Amino acid sequence: MSLLTVERQGAGAPLLWLHGFTQTRDSAREFRTILAGRHELWTLDLPGHGEASGLRASLGETADLIARAIGSEPVVLGGYSLGGRVALHVALTRPDLVRRLILLGASRGIEDPLERAQRRERDEALAQRLETEGARSFLDYWLAQPLFAGLGDRAEVDARSLDARGLAASLRLCGTGRQEWLGPRLSELSMPVLALAGARDDKFSREARAIAEAVPHGSWALIPEAGHAAQLERPAACAEAVESFLVS
């Protein structure tokens with residue numbers, strides 16, 4: 001039995017979508033509504049977020065919790081940013097549970113050990129800022145980053161997680177600096193993989209292409225006029241890219 005509660009919406013083949021850092025299962029409303037019109041859409045709160053804010057888990061442990069939540073029948077698995085990195089770990093550890101994999105704004109990790117250590121230091125500083133200033137103040141800072149410049153009123157602040165300790169724990173346990181470099185392992189993935197990124201998100205556009213080229217059955221696409229949070233900025237275009245992949 002998983003410690004994570006799955007919510008189901010819609011009908012059809014199951015598609016489990018994992019949210020990003022500071023988000024919850026209630027985030028990306030328009031994007032989720034479109035997907036739920038064609039699938040049984042599964043969502044849940046990742047450790048440190050929403051109803052799971054008191055749960056502490058590393059990336060590997062989170063992947064195990066997701067696998068338990070899926071059960072015994074394979075699903076289409078997708079995720080954004082943090083959720084995409086978790087989805088990638090699930091696919092590598094339990095490929096039998098993943099029919100197809102969708103990664104939006106996801107990362108293979110950081111190859112250089114020194115850069116990875118520096119990223120851990122930055123994540124620790126962010127975690128301390130969360131604990132000092134509180135989640136609401138931190139969200140103002142977080143969403144003001146250039147990475148989210150295109151969000152405007154689509155930031156969905158009301159659907160964000162507001163537990164500072166939980167978010168700080170997520171940074172410390174699941175931040176990119178804590179993730180092993182997964183580049184050499186991508187060739188293990190036998191399922192079809194779609195790597196997505198916003199066309200204005202240069203870093204993750206390059207990452208999407210690199211992921212797609214490293215897996216045996218990979219494809220990649222860019223969401224026009226979108227930055228990092230493409231599912232919020234251009235929900236219809238993002239959902240259409242997902243659907244095109246699933247019917248191909």
# chains A, B, ... in the order shown; residues from 1 in each chain; ligands from 1
>>> closest_atom_pairs(of="segment 145-193 of chain A", to="segment 47-71 of chain A", cutoff="10 Å", atoms="only C-alpha atoms", output="tab-separated table")
residue	atom	partner	partner_atom	distance
A:Ala159	CA	A:Gly50	CA	8.9
A:Arg160	CA	A:Gly50	CA	7.7
A:Ser161	CA	A:Gly50	CA	5.1
A:Leu162	CA	A:Gly50	CA	7.5
A:Asp163	CA	A:Ser53	CA	6.4
A:Ala164	CA	A:Gly48	CA	8.8
A:Arg165	CA	A:Gly48	CA	7.6
A:Gly166	CA	A:Gly48	CA	3.9
A:Leu167	CA	A:Gly48	CA	5.3
A:Ala168	CA	A:Gly48	CA	7.8
A:Ala169	CA	A:Gly48	CA	6.4
A:Ser170	CA	A:Gly48	CA	5.5
A:Leu171	CA	A:Gly48	CA	9.0
A:Arg172	CA	A:Ser58	CA	8.5
A:Leu173	CA	A:Ser58	CA	4.7
A:Cys174	CA	A:Leu59	CA	5.2
A:Gly175	CA	A:Leu59	CA	8.5
A:Thr176	CA	A:Leu59	CA	9.7
A:Arg178	CA	A:Leu59	CA	8.2
A:Gln179	CA	A:Leu59	CA	7.2
A:Glu180	CA	A:Leu59	CA	9.6
>>> write_last_selection(atoms="N, CA and C atoms", output="mmCIF file, in the first residue's frame")
data_model
loop_
_atom_site.group_PDB
_atom_site.id
_atom_site.type_symbol
_atom_site.label_atom_id
_atom_site.label_comp_id
_atom_site.auth_asym_id
_atom_site.auth_seq_id
_atom_site.Cartn_x
_atom_site.Cartn_y
_atom_site.Cartn_z
ATOM 1 N N ALA A 159 -2.961 27.074 -5.838
ATOM 2 C CA ALA A 159 -2.793 25.625 -5.930
ATOM 3 C C ALA A 159 -1.369 25.198 -5.559
ATOM 4 N N ARG A 160 -0.617 26.103 -4.945
ATOM 5 C CA ARG A 160 0.755 25.792 -4.540
ATOM 6 C C ARG A 160 0.785 25.243 -3.112
ATOM 7 N N SER A 161 1.832 24.508 -2.810
ATOM 8 C CA SER A 161 2.024 23.983 -1.466
ATOM 9 C C SER A 161 2.583 25.084 -0.566
ATOM 10 N N LEU A 162 2.082 25.163 0.659
ATOM 11 C CA LEU A 162 2.471 26.254 1.554
ATOM 12 C C LEU A 162 3.119 25.757 2.840
ATOM 13 N N ASP A 163 3.595 24.529 2.841
ATOM 14 C CA ASP A 163 4.290 23.997 4.003
ATOM 15 C C ASP A 163 5.792 24.197 3.814
ATOM 16 N N ALA A 164 6.362 25.161 4.508
ATOM 17 C CA ALA A 164 7.772 25.521 4.314
ATOM 18 C C ALA A 164 8.705 24.357 4.639
ATOM 19 N N ARG A 165 8.419 23.650 5.707
ATOM 20 C CA ARG A 165 9.287 22.539 6.090
ATOM 21 C C ARG A 165 9.244 21.423 5.054
ATOM 22 N N GLY A 166 8.062 21.161 4.533
ATOM 23 C CA GLY A 166 7.941 20.130 3.514
ATOM 24 C C GLY A 166 8.685 20.483 2.250
ATOM 25 N N LEU A 167 8.554 21.728 1.799
ATOM 26 C CA LEU A 167 9.246 22.168 0.599
ATOM 27 C C LEU A 167 10.759 22.166 0.806
ATOM 28 N N ALA A 168 11.204 22.594 1.988
ATOM 29 C CA ALA A 168 12.637 22.573 2.296
ATOM 30 C C ALA A 168 13.171 21.146 2.259
ATOM 31 N N ALA A 169 12.399 20.208 2.798
ATOM 32 C CA ALA A 169 12.814 18.807 2.777
ATOM 33 C C ALA A 169 12.888 18.280 1.354
ATOM 34 N N SER A 170 11.950 18.703 0.512
ATOM 35 C CA SER A 170 11.961 18.272 -0.881
ATOM 36 C C SER A 170 13.231 18.751 -1.586
ATOM 37 N N LEU A 171 13.626 19.980 -1.319
ATOM 38 C CA LEU A 171 14.866 20.496 -1.906
ATOM 39 C C LEU A 171 16.077 19.696 -1.440
ATOM 40 N N ARG A 172 16.101 19.381 -0.160
ATOM 41 C CA ARG A 172 17.267 18.687 0.401
ATOM 42 C C ARG A 172 17.336 17.227 -0.048
ATOM 43 N N LEU A 173 16.200 16.596 -0.257
ATOM 44 C CA LEU A 173 16.184 15.173 -0.570
ATOM 45 C C LEU A 173 16.015 14.871 -2.054
ATOM 46 N N CYS A 174 15.347 15.778 -2.786
ATOM 47 C CA CYS A 174 15.016 15.505 -4.187
ATOM 48 C C CYS A 174 15.511 16.576 -5.147
ATOM 49 N N GLY A 175 16.290 17.534 -4.653
ATOM 50 C CA GLY A 175 16.822 18.565 -5.531
ATOM 51 C C GLY A 175 17.732 17.971 -6.599
ATOM 52 N N THR A 176 17.949 18.718 -7.663
ATOM 53 C CA THR A 176 18.782 18.231 -8.758
ATOM 54 C C THR A 176 20.196 17.895 -8.287
ATOM 55 N N ARG A 178 20.956 16.436 -5.617
ATOM 56 C CA ARG A 178 20.912 15.122 -4.973
ATOM 57 C C ARG A 178 20.703 13.989 -5.971
ATOM 58 N N GLN A 179 20.408 14.344 -7.187
ATOM 59 C CA GLN A 179 20.114 13.327 -8.205
ATOM 60 C C GLN A 179 21.399 12.815 -8.838
ATOM 61 N N GLU A 180 21.517 11.512 -8.962
ATOM 62 C CA GLU A 180 22.668 10.964 -9.677
ATOM 63 C C GLU A 180 22.559 11.316 -11.150
#
>>> closest_atom_pairs(of="segment 118-164 of chain A", to="segment 95-110 of chain A", cutoff="12 Å", atoms="only C-alpha atoms", output="Markdown table")
| residue | atom | partner | partner_atom | distance |
| --- | --- | --- | --- | --- |
| A:Gln118 | CA | A:Ile110 | CA | 10.3 |
| A:Arg119 | CA | A:Ile110 | CA | 8.7 |
| A:Arg120 | CA | A:Ile110 | CA | 10.7 |
| A:Leu147 | CA | A:Gly105 | CA | 10.9 |
>>> closest_residue(among="A:Asp45, A:Glu115, A:Glu133, A:Glu40", to="Val75 of chain A", atoms="only C-alpha atoms")
A:Glu40
>>> residues_around(residues="Pro235 of chain A", least_positions_apart="6", cutoff="8 Å", atoms="only C-alpha atoms", output="list of chain:residue names")
A:Ala28, A:Glu30, A:Phe31
>>> atom_distance(atom1="atom CA of Ser2 of chain A", atom2="atom CA of Glu124 of chain A")
28.2 Å
>>> residues_around(residues="Ala237 of chain A", least_positions_apart="5", cutoff="9 Å", atoms="only C-alpha atoms", output="ChimeraX atom specification")
/A:223-224,230-231,242
>>> write_last_selection(atoms="N, CA and C atoms", output="tab-separated table (two decimals), in the first residue's frame")
chain	number	residue	atom	x	y	z
A	223	ILE	N	7.10	23.40	-27.07
A	223	ILE	CA	5.80	24.06	-27.01
A	223	ILE	C	6.00	25.53	-27.39
A	224	PRO	N	5.42	25.99	-28.49
A	224	PRO	CA	5.65	27.36	-28.94
A	224	PRO	C	5.24	28.41	-27.92
A	230	ALA	N	5.42	25.14	-19.26
A	230	ALA	CA	4.62	25.16	-20.49
A	230	ALA	C	3.19	24.69	-20.26
A	231	GLN	N	2.98	23.77	-19.32
A	231	GLN	CA	1.63	23.26	-19.08
A	231	GLN	C	0.74	24.31	-18.44
A	242	VAL	N	1.06	16.02	-25.97
A	242	VAL	CA	0.93	14.75	-25.25
A	242	VAL	C	0.04	13.80	-26.03
>>> residues_around(residues="Leu15 of chain A", least_positions_apart="4", cutoff="8 Å", atoms="only C-alpha atoms", output="PyMOL selection string")
chain A and resi 39-42+75-78
>>> select_by_dssp(residues="segment 29-246 of chain A", states="alpha helix (DSSP H)", output="number ranges by chain")
A: 29-36, 59-70, 82-93, 113-133, 135-143, 164-174, 202-214, 230-233, 235-246
>>> select_by_dssp(residues="segment 21-220 of chain A", states="strand (DSSP E or B)", output="NGL selection string")
:A and (40-43 or 75-80 or 98-104 or 193-198 or 218-220)
>>> residues_around(residues="Gly152 of chain A", least_positions_apart="4", cutoff="10 Å", atoms="only C-alpha atoms", output="ChimeraX atom specification")
/A:143-144,148,156,232-233
>>> atom_distance(atom1="atom CA of Ser190 of chain A", atom2="atom CA of Gly20 of chain A")
24.8 Å
>>> atom_distance(atom1="atom CA of Leu16 of chain A", atom2="atom CA of Ile211 of chain A")
20.2 Å
>>> closest_residue(among="A:Ala87, A:Thr93, A:Tyr80, A:Leu151", to="Cys238 of chain A", atoms="only C-alpha atoms")
A:Tyr80
